[in-house]
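Taking it in order: structure first as structure tokens, then the write-up.
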Amino acid sequence: MAGQASRNFMSRRLGLALIRAIVTLLIVATLNFILFRVIPGDPANMLLAGARSSVTAEQIEAQRQNWGLDRPLFPDQVVDYLWASLHGDLGYSFKFRGRQVADLIFERLPATIALVGLAQIIAILGGVMLGLYAGWRRGGAIDNIATVSSLALYSTPAFWLAMLLIVTFSTVSGWLPGYGAYSPSASIASVDRLLDYLKHLALPVAAVALGLIGQYVVVARAAMSEVVTEDYMVTARAKGLTHRQMLMHHACRNAMLPVVTLITLNLGYVVAGAITVEAVFAWPGIGGLTVEALNARDYPVLQGIFLLLGASIVAANLLADLAYGILDPRVR
Amino acid sequence: MTNSFPDKEPLLRVDGLSVDYGLKGDPLRAIDGVSFELRTGEAVALVGESGSGKTTTAMAIAGLLSPNARVSGGQVHYRGQRLPIDDDAAMRPHRWSETSVVFQGAMNALNPVHRITKQIAEPCILKLGMTRGEATARAIELLELVGIPADRGVAYPHELSGGMRQRVMIAMALACRPSIIVGDEPTTALDVITQAQILKLLRDLRSQLNLALILITHDLSVVAESCDRVMIMYSGRVVEDGTVAEIFAEPKHPYTKLLIASIPNPANGKKMIRPIPGDPPNLVNRPSGCAFHPRCPSTMSVCTTEVPRLGRFGHGRVACHLHPPLQENMVTVHA
């Protein structure tokens with residue numbers, strides 16, 4: 001009976017969260033459209049850039065008509081944009097002439113997912129466990145070391161950390177490559193190629209993961225040190241539980257609530273890439289593409305990346321909402 | 001009831017127990033030489049103001065002293081065996097199986113993310129070695145015993161009212177069939193009607209299961225309803241100990257007298273609360289002699305220098321220079 005009611009409530013909550021996410025996404029996409037229309041500069045001029053002196057006003061006007069730029073921004077162009085985006089048509093790149101933005105993004109996506117995804121897995125496994133343990137044994141040796149070093153890592157800019165890693169492990173010692181995803185001389189045999197890729201991946205992953213570990217340790221430790229002062233932990237001790245049972249059965253689940261929210265929100269950035277780290281390592285991911293597009297004023301590509309970022313953040317929020325509902329019965 | 005089986009070995013014997021908090025150099029003595037006995041099925045109330053040591057006394061018995069507490073004197077015997085109350089790991093088998101605790105304000109004392117059946121069943125699995133199925137059956141049996149329908153077992157703590165949560169807490173305390181239950185102000189957060197229901201439940205369960213109860217409270221009306229004996233504590237010491245009838249009819253210690261006089265009783269026109277003048281004692285710098293002397297209306301010169309001994313007086317005990325203890329042999333004759 002109670003189960004039925006809570007299931008109904010759960011599906012209601014899920015429905016509401018889904019509607020909220022869709023509305024947010026529409027707003028984000030519209031704002032994204034507006035942002036690139038208020039930037040000074042006429043796309044038609046941009047398309048014909050380089051040949052500006054010899055282009056006539058008629059030719060520009062013809063281009064404007066060709067691309068539909070002569071029609072009103074609202075509603076015609078917005079609706080067109082939203083409709084096309086919905087179908088995966090993000091327009092054409094300025095820099096990479098004639099190439100679809102969606103294709104460019106999908107080409108770069110695997111490298112970014114490998115980099116940020118791997119860094120997240122390492123940071124979640126290492127950082128969360130270390131943070132929970134540090135909070136459980138507050139004031140202990142591990143806590144002191146973890147707290148100081150994680151605060152340092154958390155507050156260090158990732159690009160600077162990246163440079164330190166390159167200097168230490170690449171330039172000076174020569175242990176690992178510090179540039180790109182493949183060596184120019186690498187053979188095309190699949191196993192060697194994979195090993196070469198992983199070697200190139202090591203330092204960028206370390207740079208992203210270290211910052212994330214700092215963040216997870218700080219948050220998990222704070223959550224755990226709050227939980228250990230709760231009355232239900234005294235109850236658990238009174239029940240004659242061992243420290244291990246108190247930690248596993250009572251403390252961890254409660255301390256994980258804020259941590260899970262943070263993890264799910266961070267997952268939104270897995271597809272957006274780590275712009276500064278990718279730039280420092282010349283990693284061929286979305287972050288690198290963002291920098292390239294910025295330098296070339298490639299507005300369609302930027303617009304596509306922003307939309308992808310917005311969509312993944314909205315999706316991550318939706319996921320966080322649902323995960324929290326499963327973990328904490330009070331918000332169901 | 002108290003003296004109905006005076007020859008049997010008491011269930012619990014506390015001898016000169018002292019507990020300090022804080023660093024060795026500058027300790028705060030929370031309880032100072034507390035001694036008493038508890039018999040099977042007996043209900044004793046520990047009464048006193050905040051900082052009087054009633055909670056520390058009860059937590060020491062339950063083996064729940066905090067890590068910064070230190071037992072600086074005395075010992076506790078349970079069924080004739082000495083309890084290692086200052087050894088956290090060694091106390092583990094005793095906890096919940098022999099002494100369990102009903103905490104106050106059961107909202108925070110219950111884990112918000114687990115269903116109540118699971119929380120009641122947990123010690124049955126971990127301490128009694130039951131299977132999950134057996135433990136769940138036992139949990140539902142206990143829920144019904146405290147008046148909660150079995151189908152509410154799937155509820156989470158936040159889905160229950162304050163009174164229901166307190167019932168869950170009581171069911172949980174009974175899980176491993178303990179001999180002693182410590183009630184840490186179990187009715188403080190409840191409204192008067194729910195409070196009466198919970199007290200009645202505790203009373204019924206006690207007689208049904210022959211449980212001993214140590215009830216921590218600062219509410220004397222709760223004591224009158226649910227206990228056989230009262231121990232009044234002041235500044236970490238027991239100042240008076242007697243049956244409920246004796247203490248209420250004929251309090252000996254001036255503090256007990258003032259405490260009873262402070263209960264408002266609208267029935268005989270006493271509508272105002274009469275406070276005890278003065279401040280609670282400082283535990284770091286306890287007053288010399290009798291700790292109550294700065295607030296006592298009948299202080300004598302001896303009170304400022306000599307700590308009064310808690311001696312037998314009538315059927316109970318009192319620590320006051322106004323009531324010097326009778327000779328031990330006279331007590332025996334008297335009893």
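Every chain in the structure tokens takes a letter, A first, then B, and so on in the order presented; its residues are numbered from 1, and the ligands are numbered from 1 following the presented order.
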List the neighbours of segment 300-309 of chain A out to 6 Å using only C-alpha atoms; skip same-chain residues closer than 2 positions along the sequence, and give me the result as a count of residues only.
7
Any idea what's packed within 7 Å of Arg312 of chain B, counting only C-alpha atoms, ignoring anything in its chain fewer than 3 positions away? Could you give it as a list of chain:residue names?
B:Gly316, B:Arg317, B:Val318, B:Pro325, B:Leu326
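Distance-wise, atom CA of Glu122 of chain B and atom CA of Met10 of chain A end up 26.9 Å apart.
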Please identify every residue of chain B that has at least one atom no more than 10 Å from any atom of chain A, counting only C-alpha atoms, and report them as a PyMOL selection string.
chain B and resi 59+62-64+66+88-89+91-97+99-115+119-120+122-124+126-127+151-159+169+172-173+175-176
Two-atom distance - atom CA of Pro277 of chain B, atom CA of Glu240 of chain B (Å):
19.6 Å
Excluding Arg237 of chain B and its own-chain neighbours fewer than 3 positions away, which residues fall within 7 Å of it when counting only C-alpha atoms? Please give them as an mmCIF file with C-alpha atoms, in the first residue's frame.
data_model
loop_
_atom_site.group_PDB
_atom_site.id
_atom_site.type_symbol
_atom_site.label_atom_id
_atom_site.label_comp_id
_atom_site.auth_asym_id
_atom_site.auth_seq_id
_atom_site.Cartn_x
_atom_site.Cartn_y
_atom_site.Cartn_z
ATOM 1 C CA ILE B 31 30.454 12.402 37.960
ATOM 2 C CA ASP B 32 32.162 12.048 41.278
ATOM 3 C CA GLY B 33 31.912 8.825 43.266
ATOM 4 C CA VAL B 34 28.466 7.653 42.158
ATOM 5 C CA MET B 233 21.858 14.099 41.317
ATOM 6 C CA TYR B 234 23.574 17.402 41.823
#
Every residue of segment 65-273 of chain B that DSSP places in helix (DSSP H, G or I), as a ChimeraX atom specification
/B:106-109,116-128,132-145,150-154,157-159,162-173,192-209,220-226,244-249,254-261,266-268
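Neighbours of Pro27 of chain B closer than or equal to 10 Å, with only C-alpha atoms counted and sequence neighbours fewer than 3 positions away skipped, come out as Val19, Asp20, Tyr21, Gly22, Leu23, Lys24, Ala30, Ala69, Arg70, Leu283 and Val284 of chain B.
Minimum distance to Tyr179 of chain A across A:Ala146, A:Ala279, A:Val270, A:Ala220 (counting only C-alpha atoms) occurs at A:Ala279.
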Need the shell around Val128 of chain A: protein/DNA/RNA residues with any atom at most 8 Å away, counting only C-alpha atoms. Skip same-chain ones fewer than 6 positions apart. Format as an NGL selection string?
:A and (213 or 216-217 or 220 or 259)
Using only C-alpha atoms for the distances, tell me which of A:Ser190, A:Thr276, A:Thr147, A:Ser173 is nearest to Val218 of chain A.
A:Thr147
Using only C-alpha atoms, which protein or nucleic acid residues come within 10 Å of segment 66-72 of chain A? Drop anything in the same chain fewer than 6 positions from it, and give the result as a VMD selection string.
chain A and resid 42 to 44 60 78 80
